[in-house]
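model.cif (mmCIF, C-alpha atoms) appears below.
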data_entry
loop_
_atom_site.label_atom_id
_atom_site.label_comp_id
_atom_site.auth_asym_id
_atom_site.auth_seq_id
_atom_site.Cartn_x
_atom_site.Cartn_y
_atom_site.Cartn_z
CA MET A 167 -1.47 8.67 10.77
CA SER A 168 2.05 7.55 11.51
CA ASN A 169 2.71 10.67 13.60
CA PHE A 170 -0.07 9.72 15.97
CA GLY A 171 0.26 5.96 15.95
CA ALA A 172 -2.68 5.00 13.75
CA HIS A 173 -1.21 2.24 11.62
CA ARG A 174 -4.12 0.69 9.78
CA LEU A 175 -5.26 2.48 6.66
CA ARG A 176 -8.23 1.01 4.82
CA VAL A 177 -9.31 2.43 1.51
CA VAL A 178 -12.68 1.94 -0.16
CA ASN A 179 -12.67 2.01 -3.97
CA PRO A 180 -9.70 4.30 -4.39
CA TYR A 181 -9.11 5.97 -7.72
CA GLU A 182 -6.59 3.39 -8.89
CA PRO A 183 -3.97 5.46 -10.75
CA ALA A 184 -3.76 7.99 -7.94
CA PHE A 185 -3.67 5.37 -5.21
CA ARG A 186 -1.02 3.27 -6.96
CA GLU A 187 1.23 6.27 -7.36
CA ALA A 188 0.66 7.75 -3.91
CA HIS A 189 3.87 8.55 -2.07
CA SER A 190 3.91 8.45 1.67
CA ALA A 191 5.56 11.03 3.87
CA VAL A 192 9.04 10.21 5.14
CA GLY A 193 8.87 7.32 7.58
CA ALA A 194 5.38 6.16 6.70
CA THR A 195 6.20 3.97 3.70
CA GLN A 196 5.12 0.77 5.41
CA LEU A 197 1.83 2.23 6.52
CA LEU A 198 0.88 3.07 2.93
CA ALA A 199 2.26 -0.19 1.57
CA ARG A 200 0.13 -2.12 4.01
CA ALA A 201 -3.04 -0.18 3.28
CA GLU A 202 -5.93 -2.54 2.60
CA GLN A 203 -8.40 -2.01 -0.22
CA PHE A 204 -12.09 -2.79 0.01
CA LYS A 205 -15.01 -2.68 -2.38
CA SER A 206 -17.50 -1.31 0.12
CA VAL A 207 -17.66 0.51 3.41
CA ALA A 208 -19.44 -2.51 4.91
CA GLU A 209 -16.50 -4.79 4.13
CA ALA A 210 -13.94 -2.24 5.31
CA VAL A 211 -15.50 -1.92 8.77
CA ALA A 212 -16.73 -5.50 9.19
CA ASP A 213 -14.40 -6.36 12.08
CA CYS A 214 -14.93 -3.10 13.99
CA THR A 215 -17.36 -2.63 16.84
CA LEU A 216 -17.68 1.13 16.49
CA VAL A 217 -17.78 3.16 13.29
CA VAL A 218 -17.57 6.95 13.55
CA GLY A 219 -18.10 9.13 10.50
CA THR A 220 -16.58 12.56 10.06
CA THR A 221 -18.63 15.40 8.67
CA ALA A 222 -18.31 19.12 8.13
CA VAL A 223 -22.04 19.32 8.88
CA GLY A 224 -22.74 22.18 6.48
CA ASN A 225 -26.19 22.22 4.95
CA ARG A 226 -26.80 18.51 4.92
CA GLN A 227 -29.43 16.97 7.11
CA ILE A 228 -27.83 15.11 9.99
CA LEU A 229 -29.66 11.89 10.78
CA GLN A 230 -27.34 10.49 13.43
CA PRO A 231 -26.04 11.68 16.78
CA LEU A 232 -23.33 14.28 16.25
CA ARG A 233 -20.48 14.91 18.67
CA SER A 234 -17.71 17.45 18.65
CA LEU A 235 -14.21 16.03 18.29
CA GLU A 236 -13.29 16.59 21.91
CA ARG A 237 -16.25 14.62 23.25
CA ALA A 238 -15.89 12.04 20.48
CA GLY A 239 -12.22 11.60 21.35
CA ALA A 240 -12.98 10.65 24.93
CA LEU A 241 -15.57 8.08 23.84
CA ILE A 242 -13.38 6.58 21.14
CA ARG A 243 -10.33 6.32 23.40
CA LYS A 244 -12.40 4.37 25.89
CA ARG A 245 -13.46 1.93 23.19
CA LEU A 246 -9.97 1.60 21.78
CA ALA A 247 -8.71 0.19 25.05
CA SER A 248 -10.34 -3.13 24.19
CA GLN A 249 -11.89 -2.91 20.74
CA ARG A 250 -11.42 -1.95 17.14
CA VAL A 251 -12.83 1.40 16.03
CA ALA A 252 -13.13 2.73 12.48
CA LEU A 253 -12.87 6.44 11.77
CA LEU A 254 -14.47 7.11 8.40
CA PHE A 255 -13.44 9.99 6.14
CA GLY A 256 -15.08 10.91 2.87
CA SER A 257 -13.58 12.47 -0.20
CA GLU A 258 -12.31 15.99 0.20
CA LYS A 259 -14.78 17.28 -2.34
CA TRP A 260 -17.99 15.55 -1.37
CA GLY A 261 -17.49 14.17 2.09
CA LEU A 262 -19.27 10.95 2.97
CA SER A 263 -22.39 9.91 1.08
CA ASN A 264 -25.56 9.22 3.01
CA GLU A 265 -25.06 5.56 2.17
CA SER A 266 -21.60 5.62 3.74
CA LEU A 267 -22.86 7.60 6.73
CA SER A 268 -25.53 4.98 7.34
CA HIS A 269 -22.78 2.53 8.35
CA CYS A 270 -21.78 4.79 11.22
CA HIS A 271 -22.95 4.58 14.81
CA TRP A 272 -22.55 8.31 15.17
CA LEU A 273 -20.75 11.25 13.64
CA LEU A 274 -18.07 13.63 14.75
CA HIS A 275 -17.28 17.09 13.55
CA ILE A 276 -14.19 19.18 14.05
CA PRO A 277 -15.17 22.51 15.59
CA THR A 278 -14.25 24.95 12.85
CA ARG A 279 -15.54 28.43 12.14
CA GLU A 280 -19.02 28.31 10.72
CA GLU A 281 -17.90 30.32 7.72
CA GLN A 282 -15.15 27.83 6.88
CA ARG A 283 -16.23 24.32 7.64
CA SER A 284 -14.67 22.41 4.79
CA MET A 285 -11.23 21.08 5.68
CA ASN A 286 -8.34 19.62 3.76
CA LEU A 287 -8.59 15.85 4.16
CA GLY A 288 -5.06 15.32 5.45
CA GLN A 289 -5.45 18.14 7.94
CA ALA A 290 -8.80 16.83 9.14
CA ALA A 291 -7.30 13.39 9.68
CA ALA A 292 -4.28 14.85 11.50
CA VAL A 293 -6.48 16.90 13.83
CA CYS A 294 -8.72 13.91 14.62
CA LEU A 295 -5.80 11.59 15.29
CA TYR A 296 -4.03 14.20 17.41
CA GLU A 297 -7.14 14.41 19.56
CA LEU A 298 -7.49 10.63 19.77
CA ALA A 299 -3.85 10.23 20.76
CA ARG A 300 -4.22 12.84 23.50
CA GLY A 301 -2.83 11.39 26.70
CA GLY A 302 -1.78 8.18 24.95
CA TRP A 303 -4.03 5.80 23.05
CA GLY A 304 -6.73 4.78 25.49
CA ALA A 305 -4.17 4.32 28.24
CA PRO A 306 -5.77 6.20 31.13
CA GLU A 307 -9.22 4.83 30.47
CA LYS A 308 -8.21 1.20 30.22
CA ASN A 309 -9.29 0.57 33.77
CA VAL A 310 -12.71 1.97 33.12
CA ALA A 311 -13.16 -0.31 30.13
CA ARG A 312 -11.95 -3.32 32.06
CA ASN A 313 -14.37 -2.59 34.86
CA TYR A 314 -17.22 -2.60 32.42
CA VAL A 315 -16.17 -5.95 31.09
CA VAL A 316 -15.77 -7.41 34.56
CA ARG A 317 -19.23 -6.23 35.48
CA GLY A 318 -20.61 -8.47 32.79
CA ALA A 319 -21.53 -6.03 30.07
CA GLN A 320 -21.39 -7.45 26.57
CA GLN A 321 -18.83 -6.56 23.98
CA PRO A 322 -20.56 -4.59 21.25
CA ALA A 323 -21.67 -6.55 18.20
CA ASP A 324 -19.34 -6.43 15.23
CA MET A 325 -20.40 -4.85 11.96
CA ALA A 326 -20.52 -8.13 10.04
CA THR A 327 -23.22 -9.46 12.40
CA LEU A 328 -25.12 -6.19 12.25
CA ASP A 329 -25.06 -6.33 8.47
CA ARG A 330 -26.45 -9.86 8.53
CA ILE A 331 -29.23 -8.74 10.85
CA THR A 332 -29.99 -5.80 8.58
CA GLY A 333 -30.12 -7.99 5.49
CA THR A 334 -32.21 -10.72 7.10
CA LEU A 335 -34.66 -8.31 8.68
CA GLN A 336 -35.04 -6.43 5.43
CA GLU A 337 -35.81 -9.68 3.63
CA ALA A 338 -38.38 -10.54 6.28
CA LEU A 339 -39.93 -7.11 5.88
CA HIS A 340 -40.11 -7.65 2.12
CA ARG A 341 -41.79 -11.00 2.53
CA SER A 342 -44.32 -9.64 4.95
CA GLY A 343 -45.12 -6.69 2.74
CA TYR A 344 -43.79 -4.01 5.11
CA VAL A 345 -41.48 -2.69 2.38
CA ALA A 346 -41.64 -3.11 -1.36
CA PRO A 347 -39.57 -6.02 -2.75
CA ARG A 348 -36.96 -3.60 -3.98
CA ALA A 349 -36.78 -1.14 -1.18
CA SER A 350 -35.02 2.05 -2.10
CA ALA A 351 -31.48 2.58 -0.93
CA THR A 352 -32.94 5.23 1.36
CA ALA A 353 -35.17 2.72 3.12
CA GLN A 354 -32.24 0.36 3.45
CA ALA A 355 -30.01 3.06 4.92
CA LYS A 356 -32.81 4.02 7.31
CA LEU A 357 -33.06 0.46 8.59
CA ARG A 358 -29.28 0.25 8.89
CA ARG A 359 -29.15 3.44 10.95
CA MET A 360 -31.94 2.28 13.21
CA LEU A 361 -30.24 -1.03 13.96
CA ARG A 362 -27.03 0.78 14.81
CA ARG A 363 -28.93 2.92 17.27
CA PHE A 364 -30.01 -0.26 19.04
CA SER A 365 -26.35 -0.56 20.11
CA LEU A 366 -26.58 -4.35 20.26
CA GLY A 367 -24.23 -6.34 22.41
CA ALA A 368 -22.42 -9.23 20.74
CA SER A 369 -24.44 -12.03 22.30
CA ASP A 370 -27.75 -10.16 21.95
CA ALA A 371 -26.92 -9.64 18.29
CA GLU A 372 -26.41 -13.38 17.82
CA VAL A 373 -29.70 -14.15 19.53
CA PHE A 374 -31.53 -11.47 17.59
CA LEU A 375 -30.05 -12.68 14.30
CA GLY A 376 -31.25 -16.17 15.15
CA MET A 377 -34.76 -14.87 15.79
CA VAL A 378 -34.96 -12.86 12.61
CA SER A 379 -33.52 -15.74 10.58
CA LYS A 380 -36.06 -18.15 11.97
CA ILE A 381 -38.88 -15.74 11.20
CA LEU A 382 -37.59 -15.25 7.67
CA TRP A 383 -37.31 -19.01 7.21
CA ARG A 384 -40.91 -19.46 8.30
CA LEU A 385 -42.10 -16.64 6.02
CA SER A 386 -40.37 -18.35 3.10
CA GLU A 387 -41.70 -21.77 4.03
CA GLU A 388 -45.27 -20.55 4.24
CA LYS A 389 -44.99 -19.05 0.81
CA LYS A 390 -43.81 -22.32 -0.70
CA GLY A 391 -46.47 -24.37 1.08
CA MET B 524 -5.86 28.75 9.38
CA SER B 525 -9.22 29.86 8.13
CA ASN B 526 -10.91 26.76 9.58
CA PHE B 527 -9.83 27.72 13.07
CA GLY B 528 -10.10 31.49 12.84
CA ALA B 529 -6.43 32.48 12.52
CA HIS B 530 -6.57 35.19 9.89
CA ARG B 531 -3.13 36.75 9.84
CA LEU B 532 -0.52 34.92 7.85
CA ARG B 533 2.99 36.40 7.87
CA VAL B 534 5.66 34.95 5.66
CA VAL B 535 9.41 35.46 6.05
CA ASN B 536 11.46 35.39 2.84
CA PRO B 537 9.20 33.04 0.88
CA TYR B 538 10.48 31.35 -2.24
CA GLU B 539 8.97 33.91 -4.62
CA PRO B 540 7.74 31.81 -7.56
CA ALA B 541 6.06 29.26 -5.29
CA PHE B 542 4.51 31.89 -3.05
CA ARG B 543 3.22 33.96 -5.96
CA GLU B 544 1.50 30.96 -7.47
CA ALA B 545 0.16 29.53 -4.24
CA HIS B 546 -3.54 28.73 -4.35
CA SER B 547 -5.56 28.88 -1.20
CA ALA B 548 -8.15 26.31 -0.21
CA VAL B 549 -11.75 27.15 -1.01
CA GLY B 550 -12.92 30.05 1.13
CA ALA B 551 -9.49 31.22 2.24
CA THR B 552 -8.57 33.34 -0.76
CA GLN B 553 -8.59 36.57 1.22
CA LEU B 554 -6.40 35.14 3.93
CA LEU B 555 -3.70 34.28 1.41
CA ALA B 556 -4.14 37.51 -0.54
CA ARG B 557 -3.64 39.50 2.66
CA ALA B 558 -0.57 37.58 3.77
CA GLU B 559 2.23 39.95 4.72
CA GLN B 560 5.83 39.42 3.66
CA PHE B 561 8.83 40.20 5.83
CA LYS B 562 12.55 40.07 5.37
CA SER B 563 13.32 38.73 8.83
CA VAL B 564 11.67 36.93 11.73
CA ALA B 565 12.41 39.95 13.91
CA GLU B 566 10.33 42.23 11.68
CA ALA B 567 7.54 39.69 11.32
CA VAL B 568 6.99 39.39 15.05
CA ALA B 569 7.76 42.95 16.00
CA ASP B 570 4.24 43.85 17.19
CA CYS B 571 3.66 40.63 19.16
CA THR B 572 4.14 40.19 22.89
CA LEU B 573 4.69 36.45 22.81
CA VAL B 574 6.48 34.38 20.19
CA VAL B 575 6.20 30.62 20.34
CA GLY B 576 8.30 28.41 18.08
CA THR B 577 7.24 24.98 16.93
CA THR B 578 9.71 22.12 16.87
CA ALA B 579 9.74 18.38 16.29
CA VAL B 580 12.51 18.28 18.92
CA GLY B 581 14.45 15.38 17.36
CA ASN B 582 18.18 15.40 17.95
CA ARG B 583 18.65 19.11 18.18
CA GLN B 584 19.68 20.73 21.39
CA ILE B 585 16.78 22.55 22.96
CA LEU B 586 17.85 25.78 24.58
CA GLN B 587 14.49 27.18 25.52
CA PRO B 588 11.58 26.04 27.65
CA LEU B 589 9.67 23.37 25.80
CA ARG B 590 5.97 22.71 26.32
CA SER B 591 3.63 20.16 24.85
CA LEU B 592 0.87 21.55 22.65
CA GLU B 593 -1.83 21.00 25.22
CA ARG B 594 -0.04 23.01 27.91
CA ALA B 595 1.10 25.57 25.35
CA GLY B 596 -2.46 25.99 24.12
CA ALA B 597 -3.73 26.97 27.55
CA LEU B 598 -0.97 29.57 27.97
CA ILE B 599 -1.39 31.01 24.50
CA ARG B 600 -5.17 31.28 24.78
CA LYS B 601 -4.75 33.26 27.96
CA ARG B 602 -2.42 35.70 26.23
CA LEU B 603 -4.60 36.01 23.16
CA ALA B 604 -7.39 37.47 25.25
CA SER B 605 -5.55 40.77 25.32
CA GLN B 606 -2.40 40.50 23.26
CA ARG B 607 -0.92 39.49 19.95
CA VAL B 608 0.85 36.14 19.83
CA ALA B 609 3.00 34.76 16.99
CA LEU B 610 3.18 31.05 16.31
CA LEU B 611 6.33 30.37 14.32
CA PHE B 612 6.69 27.45 11.89
CA GLY B 613 9.84 26.50 10.02
CA SER B 614 10.21 24.91 6.62
CA GLU B 615 8.93 21.38 6.32
CA LYS B 616 12.39 20.10 5.54
CA TRP B 617 14.57 21.87 8.04
CA GLY B 618 12.31 23.25 10.69
CA LEU B 619 13.30 26.52 12.35
CA SER B 620 16.94 27.55 12.38
CA ASN B 621 18.61 28.30 15.69
CA GLU B 622 18.57 31.93 14.64
CA SER B 623 14.80 31.85 14.16
CA LEU B 624 14.28 29.92 17.38
CA SER B 625 16.19 32.57 19.24
CA HIS B 626 13.30 34.98 18.63
CA CYS B 627 10.97 32.76 20.58
CA HIS B 628 10.01 33.06 24.22
CA TRP B 629 9.55 29.32 24.39
CA LEU B 630 8.86 26.35 22.16
CA LEU B 631 6.02 23.95 21.71
CA HIS B 632 5.99 20.45 20.32
CA ILE B 633 3.12 18.35 19.09
CA PRO B 634 3.12 15.03 20.94
CA THR B 635 3.79 12.55 18.16
CA ARG B 636 5.27 9.05 18.28
CA GLU B 637 8.97 9.19 18.93
CA GLU B 638 9.62 7.14 15.80
CA GLN B 639 7.74 9.62 13.62
CA ARG B 640 8.27 13.16 14.77
CA SER B 641 8.46 15.02 11.52
CA MET B 642 5.09 16.37 10.43
CA ASN B 643 3.68 17.79 7.25
CA LEU B 644 3.69 21.59 7.69
CA GLY B 645 0.01 22.09 6.88
CA GLN B 646 -0.99 19.29 9.23
CA ALA B 647 1.19 20.63 12.03
CA ALA B 648 -0.37 24.08 11.64
CA ALA B 649 -3.89 22.60 11.58
CA VAL B 650 -3.25 20.60 14.75
CA CYS B 651 -1.80 23.61 16.59
CA LEU B 652 -4.62 25.93 15.59
CA TYR B 653 -7.24 23.32 16.44
CA GLU B 654 -5.74 23.14 19.93
CA LEU B 655 -5.59 26.92 20.28
CA ALA B 656 -9.21 27.29 19.18
CA ARG B 657 -10.31 24.67 21.71
CA GLY B 658 -13.23 26.03 23.70
CA GLY B 659 -12.33 29.57 22.71
CA TRP B 660 -12.73 30.74 19.15
CA GLY B 661 -15.07 27.88 18.42
CA ALA B 662 -17.74 29.23 20.77
CA PRO B 663 -20.54 29.43 18.19
CA GLU B 664 -20.13 25.81 17.12
CA LYS B 665 -21.09 24.69 20.57
CA ASN B 666 -24.59 25.89 19.95
CA VAL B 667 -24.66 24.29 16.55
CA ALA B 668 -23.56 20.98 17.98
CA ARG B 669 -26.02 21.19 20.80
CA ASN B 670 -28.89 21.95 18.49
CA TYR B 671 -28.04 19.05 16.29
CA VAL B 672 -27.73 16.66 19.16
CA VAL B 673 -31.02 17.77 20.67
CA ARG B 674 -32.73 17.48 17.31
CA GLY B 675 -31.21 14.08 16.68
CA ALA B 676 -31.50 12.41 20.05
CA GLN B 677 -34.71 10.60 20.84
CA GLN B 678 -36.55 10.41 24.11
CA PRO B 679 -36.30 6.87 25.40
CA ALA B 680 -39.20 4.61 24.51
CA ASP B 681 -41.79 4.16 27.24
CA MET B 682 -42.33 0.81 28.90
CA ALA B 683 -45.80 0.35 27.42
CA THR B 684 -44.41 0.41 23.89
CA LEU B 685 -41.58 -1.89 24.90
CA ASP B 686 -44.07 -4.34 26.32
CA ARG B 687 -46.07 -4.30 23.10
CA ILE B 688 -42.91 -4.99 21.14
CA THR B 689 -42.04 -7.83 23.49
CA GLY B 690 -45.48 -9.38 23.19
CA THR B 691 -45.67 -9.03 19.43
CA LEU B 692 -42.17 -10.33 18.84
CA GLN B 693 -42.79 -13.25 21.15
CA GLU B 694 -45.94 -14.14 19.23
CA ALA B 695 -44.01 -13.94 15.95
CA LEU B 696 -41.36 -16.20 17.41
CA HIS B 697 -44.02 -18.69 18.43
CA ARG B 698 -45.55 -18.70 14.98
CA SER B 699 -42.23 -19.20 13.32
CA GLY B 700 -41.30 -22.03 15.66
CA TYR B 701 -38.39 -20.23 17.34
CA VAL B 702 -39.94 -20.82 20.75
CA ALA B 703 -42.51 -23.33 21.89
CA PRO B 704 -46.12 -22.04 21.90
CA ARG B 705 -46.01 -21.77 25.65
CA ALA B 706 -42.62 -20.38 26.26
CA SER B 707 -41.50 -20.52 29.82
CA ALA B 708 -41.67 -17.38 31.87
CA THR B 709 -37.89 -17.54 31.85
CA ALA B 710 -37.72 -17.30 28.06
CA GLN B 711 -40.18 -14.43 28.13
CA ALA B 712 -38.18 -12.55 30.73
CA LYS B 713 -35.05 -13.17 28.70
CA LEU B 714 -36.61 -11.57 25.64
CA ARG B 715 -37.84 -8.66 27.72
CA ARG B 716 -34.43 -8.04 29.17
CA MET B 717 -32.84 -8.20 25.76
CA LEU B 718 -35.22 -5.65 24.31
CA ARG B 719 -34.49 -3.33 27.20
CA ARG B 720 -30.80 -3.61 26.50
CA PHE B 721 -31.51 -2.32 22.99
CA SER B 722 -32.26 1.00 24.74
CA LEU B 723 -34.74 1.99 22.05
CA GLY B 724 -35.61 5.60 21.41
CA ALA B 725 -39.31 6.48 21.30
CA SER B 726 -39.63 6.86 17.55
CA ASP B 727 -37.41 3.85 16.80
CA ALA B 728 -39.62 1.82 19.10
CA GLU B 729 -42.73 2.84 17.15
CA VAL B 730 -41.10 1.94 13.85
CA PHE B 731 -39.82 -1.37 15.21
CA LEU B 732 -43.23 -2.22 16.66
CA GLY B 733 -44.74 -1.54 13.24
CA MET B 734 -42.25 -3.88 11.61
CA VAL B 735 -42.77 -6.70 14.05
CA SER B 736 -46.56 -6.29 13.88
CA LYS B 737 -46.52 -6.48 10.11
CA ILE B 738 -44.37 -9.61 10.21
CA LEU B 739 -46.69 -11.20 12.76
CA TRP B 740 -49.72 -10.31 10.64
CA ARG B 741 -48.14 -11.98 7.63
CA LEU B 742 -47.22 -15.07 9.63
CA SER B 743 -50.83 -15.34 10.78
CA GLU B 744 -52.24 -14.73 7.28
CA GLU B 745 -50.07 -17.43 5.76
CA LYS B 746 -51.27 -19.92 8.33
CA LYS B 747 -54.92 -19.21 7.57
CA GLY B 748 -54.42 -19.38 3.83
#
Would you put the structure from the file into structure tokens?
Amino acid sequence: MSNFGAHRLRVVNPYEPAFREAHSAVGATQLLARAEQFKSVAEAVADCTLVVGTTAVGNRQILQPLRSLERAGALIRKRLASQRVALLFGSEKWGLSNESLSHCHWLLHIPTREEQRSMNLGQAAAVCLYELARGGWGAPEKNVARNYVVRGAQQPADMATLDRITGTLQEALHRSGYVAPRASATAQAKLRRMLRRFSLGASDAEVFLGMVSKILWRLSEEKKG
Amino acid sequence: MSNFGAHRLRVVNPYEPAFREAHSAVGATQLLARAEQFKSVAEAVADCTLVVGTTAVGNRQILQPLRSLERAGALIRKRLASQRVALLFGSEKWGLSNESLSHCHWLLHIPTREEQRSMNLGQAAAVCLYELARGGWGAPEKNVARNYVVRGAQQPADMATLDRITGTLQEALHRSGYVAPRASATAQAKLRRMLRRFSLGASDAEVFLGMVSKILWRLSEEKKG
């Protein structure tokens, strides 16, 4: 991370003894010391506007758009010029769970040989960050990004707002009988993925959240009355 | 190495106990078992036509042409089409000695931050081989990626479905009191524009329409009851 200028490490539920005793490489002490811990993926990415998961693909069913690292790098660099992007890595052994993957807008994979897809975690991170740093962090594309903003496009919605929409909509769907009161984690993840595909802009997300909240409020009121 | 299709590992004067007990990553057992040992760099690279050394640059005096990994990758790929190329890595602690470097035609460096040039050996090798495999060795993955993307990407929703969503959502918003029963044409157009910005895929649009319809049905039921 330090080699390629990625300074913010966020860790979700690390195995405490191992994490406490982790030693950084020479020169990266601060980076590790400043690592932030979170209890869930949702909290860890709350202030980001784009979340990209990494996957070795393998035999698992891929439910989200998948891009190779090279293509992904170009897209992420563009975003980084003005926004905060999270790159999500799973454990070396199991990768990311479907629950974790459902927080991602899309996925990237490192083009490895088909016969040897599983990578060492540190090496996978190094390769991804090398590609992202290519040509300097977002530098050349800054103009592009600025043009978009000038033209009046919205900033993307942040994850915290998206999570509130997901939660509120799910509640409304419960109340209206669309899903069972305790929807399975699968149904929840499905809804989360769908809302990410909507690629909501920040102000649209606020408006949409207001709509869904109002509907939920009415559904609750009616029940009481 | 195995991830990116580099199958020939040659080791010069390894520290015997460590090398003998080295364990390969899953799937790369053969690669390590077939590693060849040499007593000198000269012998190790004897059958190659191009030898490229890797260096973190740092304070040492560079006596040979130095290329960044991206440029180096293009040159090496070209050579690899017909010839054998050696990529030379030094120890993690000391890098390559001047003696070892003298066997190289030219040197490459991975573009890292100036403040953090020293890289973990495994990560440096992974980054170099990823770059060398770019667009070349990884040919089959392109198809994989394309298949996945095609399978995952949805056709855009048609306008008829979008209009039904707009109408149903608007009705639900009326019923819940979010908008006045006779919303102005302006408010209606605003909702329509917003839903178009969601850029819904065809199957997402169907699912979303189902959700909104169910909510509207419930809102109407409650009123009657």
Item to check | Among the residues B:Gln639, B:Gln587, B:Ser726, B:Ser743, the one that comes closest to chain A [using all atoms listed in the file] | outcome: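 Closest to chain A of all the choices is B:Gln639.
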Checklist entry - Of the candidates A:Glu280, A:Glu182, A:Glu372, A:Glu337, which shows the shortest atom-to-atom distance to chain B, using all atoms listed in the file? => result A:Glu280
Item to check | Residues selected by the PyMOL selection byres ((chain A) within 7 of (chain B)), written as a PyMOL selection string | outcome: chain A and resi 168-171+193+229-234+277-280+282-283+285+288-289+292-293+296+339+342+344+360+364-366+370+377+380-381+384-385+388
I would like the residues chosen by the PyMOL selection byres ((chain B and resi 599-612) around 10) on the shown file; could you give them as a compact mmCIF listing (two decimals) with C-alpha atoms, keeping the file's coordinate frame?
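Written output follows (out-v3.txt):
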# COMPACT_ATOMS: atom_id res chain seq x y z
CA ARG B 531 -3.13 36.75 9.84
CA LEU B 532 -0.52 34.92 7.85
CA ARG B 533 2.99 36.40 7.87
CA VAL B 534 5.66 34.95 5.66
CA VAL B 564 11.67 36.93 11.73
CA ALA B 567 7.54 39.69 11.32
CA VAL B 568 6.99 39.39 15.05
CA ALA B 569 7.76 42.95 16.00
CA ASP B 570 4.24 43.85 17.19
CA CYS B 571 3.66 40.63 19.16
CA THR B 572 4.14 40.19 22.89
CA LEU B 573 4.69 36.45 22.81
CA VAL B 574 6.48 34.38 20.19
CA VAL B 575 6.20 30.62 20.34
CA GLY B 576 8.30 28.41 18.08
CA THR B 577 7.24 24.98 16.93
CA THR B 578 9.71 22.12 16.87
CA LEU B 592 0.87 21.55 22.65
CA ARG B 594 -0.04 23.01 27.91
CA ALA B 595 1.10 25.57 25.35
CA GLY B 596 -2.46 25.99 24.12
CA ALA B 597 -3.73 26.97 27.55
CA LEU B 598 -0.97 29.57 27.97
CA GLY B 613 9.84 26.50 10.02
CA SER B 614 10.21 24.91 6.62
CA GLU B 615 8.93 21.38 6.32
CA GLY B 618 12.31 23.25 10.69
CA LEU B 619 13.30 26.52 12.35
CA SER B 623 14.80 31.85 14.16
CA LEU B 624 14.28 29.92 17.38
CA HIS B 626 13.30 34.98 18.63
CA CYS B 627 10.97 32.76 20.58
CA LEU B 630 8.86 26.35 22.16
CA LEU B 631 6.02 23.95 21.71
CA LEU B 644 3.69 21.59 7.69
CA GLY B 645 0.01 22.09 6.88
CA ALA B 647 1.19 20.63 12.03
CA ALA B 648 -0.37 24.08 11.64
CA CYS B 651 -1.80 23.61 16.59
CA LEU B 652 -4.62 25.93 15.59
CA GLU B 654 -5.74 23.14 19.93
CA LEU B 655 -5.59 26.92 20.28
CA ALA B 656 -9.21 27.29 19.18
CA ARG B 657 -10.31 24.67 21.71
CA GLY B 658 -13.23 26.03 23.70
CA GLY B 659 -12.33 29.57 22.71
CA TRP B 660 -12.73 30.74 19.15
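As for CA of Asn179 (chain A) and CA of Ala368 (chain A), they are spaced 28.8 Å apart.
Note that the spacing between CA of Ser268 (chain A) and CA of Lys356 (chain A) amounts to 7.3 Å.
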Item to check | Between CA of Gln203 (chain A) and CA of Phe185 (chain A) - distance in Å to one decimal | outcome: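 These atoms are spaced 10.1 Å apart.
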Calculate, to one decimal in Å, the centre and edge lengths of the box along x, y and z of the file that holds all listed atoms of region 341-358 of chain A with 3 Å of margin on each side, and present them as lines of an AutoDock Vina configuration file.
center_x = -37.2
center_y = -2.9
center_z = 2.5
size_x = 21.8
size_y = 22.2
size_z = 18.9
Residues selected by the PyMOL selection byres ((chain B and resi 685) around 9), written as a PDB file with C-alpha atoms, in the coordinates of the input:
ATOM      1  CA  ALA B 680     -39.200   4.610  24.510  1.00  0.00           C
ATOM      2  CA  ASP B 681     -41.790   4.160  27.240  1.00  0.00           C
ATOM      3  CA  MET B 682     -42.330   0.810  28.900  1.00  0.00           C
ATOM      4  CA  ALA B 683     -45.800   0.350  27.420  1.00  0.00           C
ATOM      5  CA  THR B 684     -44.410   0.410  23.890  1.00  0.00           C
ATOM      6  CA  ASP B 686     -44.070  -4.340  26.320  1.00  0.00           C
ATOM      7  CA  ARG B 687     -46.070  -4.300  23.100  1.00  0.00           C
ATOM      8  CA  ILE B 688     -42.910  -4.990  21.140  1.00  0.00           C
ATOM      9  CA  THR B 689     -42.040  -7.830  23.490  1.00  0.00           C
ATOM     10  CA  GLY B 690     -45.480  -9.380  23.190  1.00  0.00           C
ATOM     11  CA  ARG B 715     -37.840  -8.660  27.720  1.00  0.00           C
ATOM     12  CA  LEU B 718     -35.220  -5.650  24.310  1.00  0.00           C
ATOM     13  CA  ARG B 719     -34.490  -3.330  27.200  1.00  0.00           C
ATOM     14  CA  LEU B 723     -34.740   1.990  22.050  1.00  0.00           C
ATOM     15  CA  ALA B 728     -39.620   1.820  19.100  1.00  0.00           C
ATOM     16  CA  LEU B 732     -43.230  -2.220  16.660  1.00  0.00           C
TER      17      LEU B 732
END
Checklist entry - Which of these residues is nearest to Arg359 (chain A), using all atoms listed in the file: A:His271, A:Lys259, A:Lys205, A:Arg226? => result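 Selected residue with least distance to Arg359 (chain A): A:His271.
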Checklist entry - From the list A:Ala355, A:His275, A:His173, A:Ala346, which residue is nearest Arg200 (chain A) when using all atoms listed in the file? => result A:His173
